[in-house]
>>> print(open('start-v6.cif').read())   # mmCIF, C-alpha atoms
data_model
loop_
_atom_site.label_atom_id
_atom_site.label_comp_id
_atom_site.auth_asym_id
_atom_site.auth_seq_id
_atom_site.Cartn_x
_atom_site.Cartn_y
_atom_site.Cartn_z
CA MET A 1 -113.83 -27.85 -92.36
CA LEU A 2 -111.92 -29.60 -89.60
CA SER A 3 -113.19 -28.93 -86.11
CA PHE A 4 -112.40 -30.46 -82.73
CA PRO A 5 -111.68 -29.44 -79.15
CA VAL A 6 -108.08 -29.04 -78.00
CA LEU A 7 -107.97 -29.26 -74.21
CA GLY A 8 -111.40 -27.66 -74.07
CA ARG A 9 -110.50 -24.91 -76.53
CA SER A 10 -112.30 -24.87 -79.89
CA LEU A 11 -110.07 -25.45 -82.92
CA SER A 12 -111.44 -25.08 -86.43
CA ALA A 13 -109.42 -25.30 -89.64
CA ALA A 14 -110.60 -24.44 -93.15
CA VAL A 15 -107.69 -25.80 -95.17
CA GLY A 16 -107.53 -27.09 -98.72
CA SER A 17 -105.64 -30.35 -98.48
CA ALA A 18 -106.19 -33.70 -96.79
CA GLU A 19 -102.46 -33.76 -96.00
CA LEU A 20 -102.68 -30.54 -94.01
CA GLU A 21 -105.77 -31.78 -92.18
CA ALA A 22 -103.89 -34.97 -91.34
CA TRP A 23 -100.91 -32.93 -90.05
CA ILE A 24 -103.19 -30.87 -87.82
CA ARG A 25 -104.85 -34.00 -86.44
CA ALA A 26 -101.50 -35.72 -85.84
CA HIS A 27 -100.24 -32.83 -83.70
CA TRP A 28 -103.42 -31.59 -82.03
CA TRP A 29 -106.05 -34.34 -81.91
CA PHE A 30 -105.83 -36.07 -78.54
CA PRO A 31 -109.40 -37.25 -77.86
CA GLU A 32 -108.37 -38.92 -74.61
CA HIS A 33 -108.12 -35.41 -73.15
CA ALA A 34 -111.62 -34.02 -72.69
CA PRO A 35 -111.64 -31.31 -70.01
CA GLU A 36 -114.57 -28.95 -69.63
CA PRO A 37 -115.04 -26.58 -72.57
CA TYR A 38 -113.14 -23.32 -72.23
CA PRO A 39 -114.31 -20.17 -74.06
CA TYR A 40 -111.42 -19.69 -76.47
CA ASP A 41 -111.57 -20.13 -80.24
CA ILE A 42 -108.66 -20.94 -82.50
CA ARG A 43 -109.48 -20.48 -86.18
CA VAL A 44 -107.19 -21.60 -88.98
CA GLU A 45 -107.91 -20.47 -92.52
CA GLU A 46 -106.02 -21.17 -95.72
CA LEU A 47 -105.83 -18.26 -98.19
CA SER A 48 -105.17 -18.33 -101.90
CA GLY A 49 -102.45 -15.69 -101.48
CA PRO A 50 -100.65 -13.60 -98.86
CA PRO A 51 -102.56 -11.04 -96.80
CA ALA A 52 -101.57 -7.36 -96.97
CA LEU A 53 -98.44 -6.42 -95.02
CA GLU A 54 -99.31 -4.98 -91.60
CA ALA A 55 -98.18 -1.36 -91.19
CA GLY A 56 -95.53 -0.64 -88.58
CA SER A 57 -94.35 -4.22 -88.24
CA ARG A 58 -90.74 -4.99 -87.24
CA GLU A 59 -88.60 -8.04 -87.93
CA GLU A 60 -87.83 -10.48 -85.11
CA VAL A 61 -86.26 -13.94 -84.79
CA VAL A 62 -88.27 -16.47 -82.83
CA GLN A 63 -86.85 -19.67 -81.39
CA LEU A 64 -88.96 -22.81 -81.54
CA HIS A 65 -86.81 -25.36 -79.67
CA ARG A 66 -84.02 -26.06 -82.19
CA VAL A 67 -85.54 -24.09 -85.08
CA SER A 68 -85.21 -20.33 -85.66
CA LEU A 69 -88.04 -18.59 -87.48
CA THR A 70 -87.96 -15.02 -88.75
CA CYS A 71 -91.19 -13.07 -88.55
CA ARG A 72 -92.60 -9.58 -88.82
CA VAL A 73 -94.23 -8.43 -85.60
CA GLY A 74 -97.10 -5.98 -85.35
CA ASP A 75 -99.57 -5.24 -82.57
CA GLY A 76 -100.65 -8.74 -81.56
CA VAL A 77 -99.83 -10.01 -85.07
CA TRP A 78 -96.92 -12.22 -86.20
CA THR A 79 -96.27 -12.95 -89.85
CA PHE A 80 -93.90 -15.75 -90.89
CA GLY A 81 -92.63 -16.44 -94.41
CA ASP A 82 -93.14 -14.25 -97.44
CA GLU A 83 -95.51 -13.68 -100.34
CA THR A 84 -95.02 -17.23 -101.65
CA ALA A 85 -95.65 -19.16 -98.42
CA GLY A 86 -96.36 -18.14 -94.87
CA VAL A 87 -98.43 -17.96 -91.71
CA ARG A 88 -100.01 -15.00 -89.97
CA LEU A 89 -101.05 -15.28 -86.33
CA ARG A 90 -103.30 -12.78 -84.60
CA VAL A 91 -103.66 -13.33 -80.86
CA GLY A 92 -106.65 -12.00 -78.95
CA ALA A 93 -108.16 -12.31 -75.50
CA GLU A 94 -110.95 -14.65 -76.64
CA GLU A 95 -109.79 -15.86 -80.01
CA SER A 96 -106.68 -16.43 -82.09
CA ARG A 97 -106.74 -16.48 -85.88
CA VAL A 98 -104.17 -18.20 -88.05
CA LEU A 99 -103.96 -17.54 -91.78
CA LEU A 100 -101.94 -19.77 -94.14
CA TRP A 101 -100.87 -19.43 -97.75
CA GLY A 102 -98.56 -21.30 -100.12
CA THR A 103 -98.85 -24.55 -98.16
CA GLU A 104 -98.09 -26.96 -101.01
CA GLY A 105 -94.73 -28.22 -102.24
CA ASP A 106 -91.70 -26.33 -100.90
CA GLY A 107 -94.02 -23.97 -99.06
CA ALA A 108 -94.71 -26.64 -96.47
CA ARG A 109 -91.14 -26.26 -95.15
CA VAL A 110 -91.99 -22.70 -94.18
CA VAL A 111 -95.62 -23.14 -93.24
CA LEU A 112 -95.59 -26.21 -91.02
CA PRO A 113 -93.05 -25.05 -88.38
CA ALA A 114 -94.71 -21.64 -88.26
CA LEU A 115 -98.17 -23.22 -88.00
CA PHE A 116 -96.95 -25.40 -85.14
CA LEU A 117 -95.62 -22.35 -83.32
CA ALA A 118 -98.78 -20.36 -84.07
CA LEU A 119 -101.09 -23.02 -82.67
CA ASN A 120 -98.86 -23.39 -79.61
CA GLU A 121 -99.01 -19.66 -79.08
CA ALA A 122 -102.78 -19.62 -79.44
CA ILE A 123 -103.20 -22.30 -76.79
CA ARG A 124 -100.77 -20.44 -74.54
CA ALA A 125 -102.85 -17.28 -74.95
CA SER A 126 -105.87 -19.24 -73.72
CA GLY A 127 -104.10 -19.83 -70.40
CA LEU A 128 -102.35 -23.17 -70.71
CA VAL A 129 -98.61 -23.68 -70.24
CA PRO A 130 -96.56 -25.86 -72.60
CA LEU A 131 -93.95 -28.07 -70.97
CA HIS A 132 -90.93 -29.26 -72.90
CA GLY A 133 -89.78 -32.21 -70.87
CA SER A 134 -90.67 -35.72 -69.89
CA VAL A 135 -93.39 -36.40 -67.33
CA ALA A 136 -93.99 -39.43 -65.12
CA VAL A 137 -96.84 -40.12 -62.72
CA ARG A 138 -96.91 -42.00 -59.45
CA ASP A 139 -100.16 -42.32 -57.46
CA GLY A 140 -101.73 -39.70 -59.68
CA GLU A 141 -98.99 -37.13 -59.02
CA ALA A 142 -96.87 -35.88 -61.89
CA THR A 143 -93.19 -35.03 -61.91
CA VAL A 144 -91.84 -33.04 -64.85
CA PHE A 145 -88.23 -33.91 -65.76
CA ALA A 146 -86.72 -30.80 -67.28
CA GLY A 147 -83.28 -29.78 -68.47
CA ARG A 148 -81.09 -28.95 -71.42
CA SER A 149 -81.22 -30.94 -74.62
CA GLY A 150 -79.35 -34.23 -74.24
CA VAL A 151 -79.27 -34.26 -70.44
CA GLY A 152 -81.35 -37.44 -70.29
CA LYS A 153 -85.05 -36.53 -70.00
CA SER A 154 -86.18 -39.48 -72.10
CA THR A 155 -83.80 -41.94 -70.45
CA THR A 156 -84.86 -40.76 -66.97
CA LEU A 157 -88.50 -41.22 -67.95
CA PHE A 158 -87.75 -44.74 -69.12
CA GLN A 159 -85.94 -45.53 -65.87
CA ALA A 160 -88.91 -44.18 -63.93
CA PHE A 161 -91.18 -46.39 -66.03
CA ARG A 162 -89.09 -49.43 -65.20
CA ALA A 163 -89.23 -48.41 -61.51
CA GLY A 164 -93.02 -48.54 -61.56
CA TRP A 165 -93.96 -44.99 -62.53
CA GLU A 166 -96.42 -44.38 -65.34
CA PRO A 167 -95.01 -42.49 -68.35
CA LEU A 168 -97.24 -39.53 -69.19
CA ALA A 169 -95.11 -37.68 -71.74
CA GLU A 170 -91.75 -38.28 -73.34
CA ASP A 171 -91.13 -34.83 -74.76
CA PHE A 172 -94.11 -32.51 -74.44
CA ALA A 173 -97.11 -31.87 -72.21
CA TRP A 174 -99.59 -29.11 -71.45
CA LEU A 175 -100.24 -27.80 -67.96
CA ASP A 176 -103.42 -26.14 -66.78
CA PRO A 177 -102.01 -23.91 -64.03
CA ALA A 178 -105.44 -23.35 -62.52
CA SER A 179 -106.03 -27.03 -61.79
CA LEU A 180 -102.38 -28.26 -61.94
CA VAL A 181 -103.51 -30.99 -64.32
CA VAL A 182 -100.78 -32.09 -66.73
CA TYR A 183 -101.90 -33.52 -70.08
CA GLY A 184 -99.52 -35.83 -71.96
CA TRP A 185 -99.08 -34.61 -75.53
CA ASP A 186 -97.23 -37.39 -77.28
CA ARG A 187 -98.01 -40.97 -78.12
CA GLY A 188 -95.17 -43.08 -76.76
CA LEU A 189 -91.67 -43.42 -75.41
CA ARG A 190 -88.63 -42.75 -77.54
CA LEU A 191 -85.11 -43.81 -76.65
CA TRP A 192 -81.80 -44.61 -78.24
CA PRO A 193 -81.03 -48.31 -78.90
CA GLU A 194 -78.21 -48.23 -76.32
CA ALA A 195 -80.65 -47.05 -73.66
CA ARG A 196 -83.07 -49.86 -74.54
CA GLU A 197 -80.25 -52.40 -74.26
CA ARG A 198 -79.27 -50.98 -70.90
CA PHE A 199 -82.68 -50.45 -69.30
CA ALA A 200 -85.10 -52.74 -71.10
CA PRO A 201 -83.40 -55.72 -72.72
CA ASP A 202 -86.36 -57.82 -71.62
CA LEU A 203 -88.96 -55.89 -73.59
CA PRO A 204 -89.70 -57.66 -76.90
CA ALA A 205 -88.15 -56.01 -79.93
CA HIS A 206 -91.42 -56.14 -81.85
CA LEU A 207 -92.90 -53.57 -79.49
CA PHE A 208 -90.50 -50.94 -80.85
CA ARG A 209 -90.34 -49.26 -84.22
CA THR A 210 -87.35 -47.26 -85.42
CA ASP A 211 -87.93 -43.58 -86.20
CA ALA A 212 -86.17 -41.57 -88.92
CA ASP A 213 -83.64 -40.22 -86.40
CA GLY A 214 -82.67 -43.73 -85.24
CA LYS A 215 -84.55 -43.59 -81.96
CA LEU A 216 -86.75 -46.51 -80.95
CA PHE A 217 -90.42 -45.69 -80.41
CA LEU A 218 -92.63 -47.63 -77.99
CA ALA A 219 -96.27 -46.63 -78.31
CA TYR A 220 -98.21 -46.23 -75.08
CA ASP A 221 -100.93 -48.32 -76.70
CA ALA A 222 -98.47 -51.21 -76.98
CA LEU A 223 -97.83 -51.35 -73.25
CA GLU A 224 -99.42 -54.18 -71.34
CA ARG A 225 -101.13 -51.63 -69.11
CA PRO A 226 -101.79 -48.30 -70.89
CA PRO A 227 -100.45 -45.51 -68.67
CA ALA A 228 -102.25 -42.50 -67.29
CA ARG A 229 -102.66 -39.65 -69.75
CA THR A 230 -103.03 -36.98 -67.06
CA GLY A 231 -101.65 -36.33 -63.61
CA THR A 232 -101.70 -33.58 -60.99
CA LEU A 233 -98.45 -31.65 -60.99
CA ARG A 234 -96.44 -32.20 -57.83
CA ARG A 235 -92.87 -31.38 -58.78
CA LEU A 236 -90.53 -29.96 -61.39
CA ALA A 237 -87.25 -31.90 -61.40
CA LEU A 238 -84.29 -30.19 -63.07
CA LEU A 239 -81.95 -32.88 -64.34
CA GLU A 240 -78.23 -32.39 -63.93
CA ARG A 241 -75.70 -34.91 -65.15
CA ASP A 242 -72.61 -35.34 -62.94
CA GLU A 243 -70.93 -38.74 -62.77
CA ALA A 244 -68.65 -37.48 -59.98
CA ARG A 245 -71.58 -37.26 -57.56
CA PRO A 246 -74.03 -39.88 -56.36
CA SER A 247 -77.46 -39.88 -57.99
CA ALA A 248 -79.72 -37.97 -55.63
CA TRP A 249 -82.49 -35.46 -55.17
CA GLU A 250 -81.19 -32.04 -54.11
CA PRO A 251 -82.94 -28.79 -53.23
CA LEU A 252 -83.26 -26.20 -55.98
CA GLU A 253 -82.83 -22.51 -55.23
CA PRO A 254 -85.77 -20.30 -56.27
CA ARG A 255 -83.70 -18.55 -58.94
CA ASP A 256 -82.74 -21.88 -60.51
CA ALA A 257 -86.32 -23.11 -60.23
CA VAL A 258 -87.56 -20.01 -62.06
CA ARG A 259 -85.00 -20.56 -64.80
CA ALA A 260 -86.00 -24.22 -65.08
CA TRP A 261 -89.68 -23.28 -65.41
CA TRP A 262 -88.97 -20.67 -68.11
CA GLU A 263 -86.78 -23.10 -70.04
CA ALA A 264 -89.42 -25.83 -69.81
CA ALA A 265 -92.27 -23.52 -70.78
CA GLY A 266 -90.43 -21.36 -73.29
CA VAL A 267 -90.99 -17.64 -73.71
CA PRO A 268 -94.31 -16.76 -75.38
CA LEU A 269 -94.50 -14.37 -78.31
CA HIS A 270 -97.26 -12.17 -76.94
CA PRO A 271 -96.25 -9.67 -74.21
CA GLY A 272 -99.51 -10.25 -72.37
CA THR A 273 -98.97 -14.00 -72.37
CA ARG A 274 -95.40 -13.45 -71.12
CA ALA A 275 -96.67 -11.43 -68.17
CA SER A 276 -99.34 -14.04 -67.41
CA LEU A 277 -96.79 -16.84 -67.53
CA ALA A 278 -94.49 -14.92 -65.19
CA ARG A 279 -97.34 -14.71 -62.66
CA GLU A 280 -98.15 -18.39 -63.14
CA ILE A 281 -94.53 -19.43 -62.58
CA ALA A 282 -94.34 -17.40 -59.38
CA GLY A 283 -97.52 -19.16 -58.25
CA LEU A 284 -96.28 -22.60 -59.26
CA LEU A 285 -93.26 -22.18 -57.01
CA THR A 286 -95.57 -21.83 -54.01
CA ARG A 287 -97.95 -24.62 -55.02
CA THR A 288 -95.53 -27.27 -56.23
CA ALA A 289 -92.04 -28.49 -55.42
CA ALA A 290 -88.89 -27.86 -57.43
CA SER A 291 -85.87 -30.10 -57.04
CA ARG A 292 -82.63 -30.97 -58.74
CA LEU A 293 -82.21 -34.62 -59.72
CA VAL A 294 -78.54 -35.45 -60.06
CA LEU A 295 -77.94 -38.11 -62.70
CA GLY A 296 -74.74 -39.37 -61.20
CA ALA A 297 -73.10 -42.52 -59.97
CA GLY A 298 -75.42 -45.26 -58.87
CA PRO A 299 -79.10 -45.91 -59.53
CA LEU A 300 -81.57 -43.05 -59.66
CA PRO A 301 -83.67 -42.61 -56.50
CA LEU A 302 -86.98 -43.20 -58.31
CA MET B 1 -80.09 14.93 -53.98
CA SER B 2 -79.51 12.98 -57.17
CA GLU B 3 -82.08 13.49 -59.91
CA GLU B 4 -80.49 10.84 -62.15
CA ARG B 5 -83.12 8.75 -63.86
CA TYR B 6 -82.93 5.37 -65.53
CA THR B 7 -85.20 3.43 -67.85
CA PRO B 8 -85.51 -0.34 -67.90
CA LYS B 9 -84.78 -2.17 -71.13
CA PRO B 10 -88.10 -2.80 -72.90
CA GLY B 11 -89.44 -6.33 -72.95
CA LEU B 12 -87.87 -7.62 -69.76
CA ILE B 13 -89.99 -10.26 -68.06
CA GLU B 14 -90.37 -10.03 -64.29
CA THR B 15 -91.04 -13.13 -62.21
CA ASP B 16 -91.90 -11.80 -58.77
CA LEU B 17 -91.44 -14.29 -55.94
CA GLY B 18 -92.35 -11.79 -53.24
CA SER B 19 -88.99 -11.56 -51.55
CA GLU B 20 -86.96 -11.98 -54.73
CA LEU B 21 -87.49 -10.72 -58.25
CA ILE B 22 -86.08 -12.53 -61.27
CA LEU B 23 -85.58 -10.57 -64.48
CA LEU B 24 -85.49 -12.50 -67.75
CA ASP B 25 -84.22 -10.85 -70.93
CA PRO B 26 -85.94 -12.80 -73.72
CA GLU B 27 -83.41 -11.48 -76.25
CA THR B 28 -80.39 -12.95 -74.48
CA GLN B 29 -82.14 -15.55 -72.29
CA GLU B 30 -80.07 -14.12 -69.40
CA MET B 31 -81.59 -14.05 -65.91
CA PHE B 32 -80.84 -11.53 -63.20
CA SER B 33 -81.87 -12.08 -59.62
CA LEU B 34 -82.76 -9.17 -57.31
CA ASN B 35 -82.77 -9.55 -53.53
CA PRO B 36 -85.47 -7.82 -51.45
CA THR B 37 -83.70 -4.44 -51.57
CA GLY B 38 -83.09 -4.76 -55.29
CA ARG B 39 -86.71 -5.74 -55.82
CA VAL B 40 -88.01 -2.59 -54.16
CA ALA B 41 -85.50 -0.44 -56.02
CA TRP B 42 -86.39 -2.04 -59.38
CA LYS B 43 -90.11 -1.46 -58.83
CA HIS B 44 -89.50 2.32 -58.72
CA LEU B 45 -86.44 2.74 -60.92
CA GLY B 46 -88.36 3.42 -64.12
CA SER B 47 -90.66 6.02 -62.60
CA GLU B 48 -88.63 7.91 -60.02
CA SER B 49 -85.31 9.68 -59.75
CA LEU B 50 -82.42 7.90 -58.08
CA SER B 51 -82.99 9.86 -54.91
CA GLY B 52 -86.66 8.88 -54.98
CA VAL B 53 -85.69 5.22 -55.28
CA VAL B 54 -83.37 5.60 -52.29
CA ASP B 55 -86.28 7.13 -50.34
CA ARG B 56 -88.36 4.04 -51.14
CA VAL B 57 -85.65 1.69 -49.91
CA VAL B 58 -85.20 3.68 -46.71
CA ALA B 59 -88.94 3.53 -46.04
CA ALA B 60 -89.25 -0.17 -46.89
CA PHE B 61 -86.35 -1.42 -44.79
CA GLU B 62 -85.90 1.35 -42.18
CA VAL B 63 -82.21 1.67 -42.98
CA GLU B 64 -79.91 4.66 -42.79
CA ARG B 65 -79.95 6.75 -45.96
CA PRO B 66 -76.19 6.43 -46.71
CA THR B 67 -76.54 2.63 -46.62
CA ALA B 68 -79.57 2.68 -48.89
CA ASP B 69 -77.87 5.09 -51.26
CA ALA B 70 -74.79 2.88 -51.53
CA ASP B 71 -76.91 -0.22 -52.11
CA VAL B 72 -79.02 1.43 -54.79
CA ARG B 73 -76.00 2.87 -56.59
CA ALA B 74 -74.29 -0.54 -56.55
CA LEU B 75 -77.44 -2.10 -57.98
CA VAL B 76 -77.69 0.53 -60.71
CA ALA B 77 -74.08 -0.14 -61.67
CA ARG B 78 -74.80 -3.88 -62.00
CA LEU B 79 -77.96 -3.28 -63.99
CA LEU B 80 -76.16 -0.88 -66.33
CA GLU B 81 -73.37 -3.39 -66.87
CA ALA B 82 -75.92 -6.10 -67.59
CA GLY B 83 -77.68 -3.88 -70.11
CA LEU B 84 -80.96 -4.03 -68.22
CA ILE B 85 -81.29 -0.28 -67.73
CA GLU B 86 -79.95 2.85 -69.36
CA ARG B 87 -79.67 6.43 -68.23
CA ALA B 88 -82.74 8.39 -69.20
CA ALA B 89 -82.33 11.34 -71.53
CA GLY B 90 -82.96 14.83 -70.16
CA PRO B 91 -81.73 16.94 -67.26
CA GLN B 92 -79.85 14.95 -64.65
CA GLY B 93 -79.12 16.33 -61.16
#
>>> encode(input="start-v6.cif", output="structure tokens")
Amino acid sequence: MLSFPVLGRSLSAAVGSAELEAWIRAHWWFPEHAPEPYPYDIRVEELSGPPALEAGSREEVVQLHRVSLTCRVGDGVWTFGDETAGVRLRVGAEESRVLLWGTEGDGARVVLPALFLALNEAIRASGLVPLHGSVAVRDGEATVFAGRSGVGKSTTLFQAFRAGWEPLAEDFAWLDPASLVVYGWDRGLRLWPEARERFAPDLPAHLFRTDADGKLFLAYDALERPPARTGTLRRLALLERDEARPSAWEPLEPRDAVRAWWEAAGVPLHPGTRASLAREIAGLLTRTAASRLVLGAGPLPL
Amino acid sequence: MSEERYTPKPGLIETDLGSELILLDPETQEMFSLNPTGRVAWKHLGSESLSGVVDRVVAAFEVERPTADADVRALVARLLEAGLIERAAGPQG
């Protein structure tokens, strides 16, 4: 049985393989984050076969960043896959349960993305907000760099790093909306070789390793001064690339700020979690700033 | 008095900023922004007749009824075009 806290929530996993345990640890074990315990349990259990089909369920397509997953939706229950391999998520007010089956061999291609989504959803249901974006910290205050895929979130983070900011997350973070604490949820910076040549030719090559997609990875642990792993949210910065304009901070209209928050946080599966997130986003607009950062001509104002 | 009724599309997510209401359709990822008048109208559109919604707008903003009626009808037309509401079944005035 694997058991550890995830941002104060209790995660336990009764799974049959060391590989699956290792996958869970790789994505969810961040011991540097140890907030106060929060009364929410997330239980993962591997079954020998599929559970019975839930009556009255309907089919729905769910988007997980660049991956589309088909599932059957019941009352607080989502079932991914089929009788050979799949994941069932049941979301509750105090606990979420995740059932897995058919995890070995080809089944992993179905199970792992669905398990990732299920665990994300469970943590969302406990009150935290996922942030798809890069995050940098200055004087303890965090700025989330958000925007469409390819706009330059990673490159902007790297430029902020070179300008003296601390990198907190390159691609993903969790926000506690009650405390505004942002928790970095990755392990280093990733950037294309051209960006390294442009922004960090002085950093030794041995600090980087090349990932399967060709990006260079610089572990936070490899930095001379390990950066902060948390920060207090101060601002959401929506990145907009426009070489015809000077690089600058610009105001962001509330409607555009709301859109940016929803795109950064994603839309939860559970209707109750959606309503909660809508309230949180409305509150975040009054408690934090929202700006547009134009990635244009000239250096960024970081 | 118009007894037309409309029902919101199920599943729409409302982000209420107080003066402005943003509707998000998770199916299409489209967003629709409502100004203060639209916000008040939207809050009552699913539960009251069109004339009742106009009454609410008149009371909230102390405007003349013809103005409120025109504003609400224009909003309903936009919401229908955007697929965010549909005419409710049953007797319509």
>>> closest_residue(input="start-v6.cif", among="A:Ala173, A:Leu131, A:Val137, A:Leu239", to="Phe161 of chain A", atoms="only C-alpha atoms")
A:Val137
>>> atom_distance(input="start-v6.cif", atom1="atom CA of Ala219 of chain A", atom2="atom CA of Phe158 of chain A")
12.7 Å
>>> closest_residue(input="start-v6.cif", among="B:Leu79, B:Glu4, B:Pro10, B:Met31", to="chain A", atoms="only C-alpha atoms")
B:Met31
>>> residues_around(input="start-v6.cif", residues="segment 118-124 of chain A", least_positions_apart="4", cutoff="9 Å", atoms="only C-alpha atoms", output="PyMOL selection string")
chain A and resi 6-7+9+28+40-42+44+78+87-92+95-98+113-114+128-130+268-270+273+277
>>> closest_residue(input="start-v6.cif", among="B:Leu50, B:Ile22, B:Val58, B:Leu75", to="chain A", atoms="only C-alpha atoms")
B:Ile22
>>> closest_atom_pairs(input="start-v6.cif", of="chain B", to="chain A", cutoff="8 Å", atoms="only C-alpha atoms", output="JSON lines")
{"residue": "B:Gly11", "atom": "CA", "partner": "A:Pro271", "partner_atom": "CA", "distance": 7.7}
{"residue": "B:Ile13", "atom": "CA", "partner": "A:Ala275", "partner_atom": "CA", "distance": 6.8}
{"residue": "B:Glu14", "atom": "CA", "partner": "A:Ala278", "partner_atom": "CA", "distance": 6.5}
{"residue": "B:Thr15", "atom": "CA", "partner": "A:Ala278", "partner_atom": "CA", "distance": 4.9}
{"residue": "B:Asp16", "atom": "CA", "partner": "A:Ala282", "partner_atom": "CA", "distance": 6.1}
{"residue": "B:Leu17", "atom": "CA", "partner": "A:Ala282", "partner_atom": "CA", "distance": 5.5}
{"residue": "B:Ile22", "atom": "CA", "partner": "A:Arg255", "partner_atom": "CA", "distance": 6.9}
{"residue": "B:Pro26", "atom": "CA", "partner": "A:Val267", "partner_atom": "CA", "distance": 7.0}
{"residue": "B:Met31", "atom": "CA", "partner": "A:Arg259", "partner_atom": "CA", "distance": 7.4}
{"residue": "B:Ser33", "atom": "CA", "partner": "A:Arg255", "partner_atom": "CA", "distance": 6.8}
>>> residues_around(input="start-v6.cif", residues="Val144 of chain A", least_positions_apart="6", cutoff="9 Å", atoms="only C-alpha atoms", output="PDB file with C-alpha atoms, in the frame of the given file")
ATOM      1  CA  LEU A 131     -93.950 -28.070 -70.970  1.00  0.00           C
ATOM      2  CA  HIS A 132     -90.930 -29.260 -72.900  1.00  0.00           C
ATOM      3  CA  GLY A 133     -89.780 -32.210 -70.870  1.00  0.00           C
ATOM      4  CA  SER A 134     -90.670 -35.720 -69.890  1.00  0.00           C
ATOM      5  CA  VAL A 135     -93.390 -36.400 -67.330  1.00  0.00           C
ATOM      6  CA  ALA A 136     -93.990 -39.430 -65.120  1.00  0.00           C
ATOM      7  CA  VAL A 137     -96.840 -40.120 -62.720  1.00  0.00           C
ATOM      8  CA  ALA A 169     -95.110 -37.680 -71.740  1.00  0.00           C
ATOM      9  CA  LEU A 233     -98.450 -31.650 -60.990  1.00  0.00           C
ATOM     10  CA  ARG A 234     -96.440 -32.200 -57.830  1.00  0.00           C
ATOM     11  CA  ARG A 235     -92.870 -31.380 -58.780  1.00  0.00           C
ATOM     12  CA  LEU A 236     -90.530 -29.960 -61.390  1.00  0.00           C
ATOM     13  CA  ALA A 237     -87.250 -31.900 -61.400  1.00  0.00           C
ATOM     14  CA  LEU A 238     -84.290 -30.190 -63.070  1.00  0.00           C
TER      15      LEU A 238
END
>>> residues_around(input="start-v6.cif", residues="Gly188 of chain A", least_positions_apart="6", cutoff="9 Å", atoms="all atoms listed in the file", output="PDB file with C-alpha atoms, in the coordinates of the input")
ATOM      1  CA  PRO A 167     -95.010 -42.490 -68.350  1.00  0.00           C
ATOM      2  CA  LEU A 168     -97.240 -39.530 -69.190  1.00  0.00           C
ATOM      3  CA  ALA A 169     -95.110 -37.680 -71.740  1.00  0.00           C
ATOM      4  CA  GLU A 170     -91.750 -38.280 -73.340  1.00  0.00           C
ATOM      5  CA  PHE A 217     -90.420 -45.690 -80.410  1.00  0.00           C
ATOM      6  CA  LEU A 218     -92.630 -47.630 -77.990  1.00  0.00           C
ATOM      7  CA  ALA A 219     -96.270 -46.630 -78.310  1.00  0.00           C
ATOM      8  CA  TYR A 220     -98.210 -46.230 -75.080  1.00  0.00           C
ATOM      9  CA  ASP A 221    -100.930 -48.320 -76.700  1.00  0.00           C
ATOM     10  CA  ALA A 222     -98.470 -51.210 -76.980  1.00  0.00           C
TER      11      ALA A 222
END
>>> residues_around(input="start-v6.cif", residues="Phe4 of chain A", least_positions_apart="3", cutoff="9 Å", atoms="only C-alpha atoms", output="PyMOL selection string")
chain A and resi 9-12+29+31
>>> residues_around(input="start-v6.cif", residues="Leu34 of chain B", least_positions_apart="4", cutoff="7 Å", atoms="all atoms listed in the file", output="PyMOL selection string")
chain B and resi 20-22+38-39
>>> closest_residue(input="start-v6.cif", among="A:Gly127, A:Pro177, A:Gly105, A:Gly147", to="Glu19 of chain A", atoms="all atoms listed in the file")
A:Gly105
>>> residues_near_point(input="start-v6.cif", point="(-95.7, -8.2, -82.7)", cutoff="8 Å", atoms="all atoms listed in the file", output="number ranges by chain")
A: 57-58, 72-78, 269-270
>>> write_last_selection(input="start-v6.cif", atoms="C-alpha atoms", output="short mmCIF file (atom, residue, chain, number, x, y, z; two decimals), keeping the file's coordinate frame")
data_model
loop_
_atom_site.label_atom_id
_atom_site.label_comp_id
_atom_site.auth_asym_id
_atom_site.auth_seq_id
_atom_site.Cartn_x
_atom_site.Cartn_y
_atom_site.Cartn_z
CA SER A 57 -94.35 -4.22 -88.24
CA ARG A 58 -90.74 -4.99 -87.24
CA ARG A 72 -92.60 -9.58 -88.82
CA VAL A 73 -94.23 -8.43 -85.60
CA GLY A 74 -97.10 -5.98 -85.35
CA ASP A 75 -99.57 -5.24 -82.57
CA GLY A 76 -100.65 -8.74 -81.56
CA VAL A 77 -99.83 -10.01 -85.07
CA TRP A 78 -96.92 -12.22 -86.20
CA LEU A 269 -94.50 -14.37 -78.31
CA HIS A 270 -97.26 -12.17 -76.94
#
>>> atom_distance(input="start-v6.cif", atom1="atom CA of Leu24 of chain B", atom2="atom CA of Trp261 of chain A")
11.8 Å
>>> axis_aligned_box(input="start-v6.cif", around="segment 68-78 of chain B", padding_each_side="4 Å", output="JSON")
{"center_x": -76.8, "center_y": 0.6, "center_z": -55.4, "size_x": 13.5, "size_y": 17.0, "size_z": 21.1}
>>> residues_near_point(input="start-v6.cif", point="(-87.9, 3.6, -60.3)", cutoff="12 Å", atoms="all atoms listed in the file", output="PyMOL selection string")
chain B and resi 3-8+38-57+72+76+85+87-88
>>> atom_distance(input="start-v6.cif", atom1="atom CA of Pro251 of chain A", atom2="atom CA of Ala289 of chain A")
9.4 Å
>>> resolve_selection(input="start-v6.cif", expression="the PyMOL selection byres ((chain A and resi 214) around 12)", output="PyMOL selection string")
chain A and resi 190-194+208-213+215-217
>>> closest_residue(input="start-v6.cif", among="B:Thr37, B:Gly18, B:Leu23, B:Ala74", to="Phe61 of chain B", atoms="all atoms listed in the file")
B:Thr37
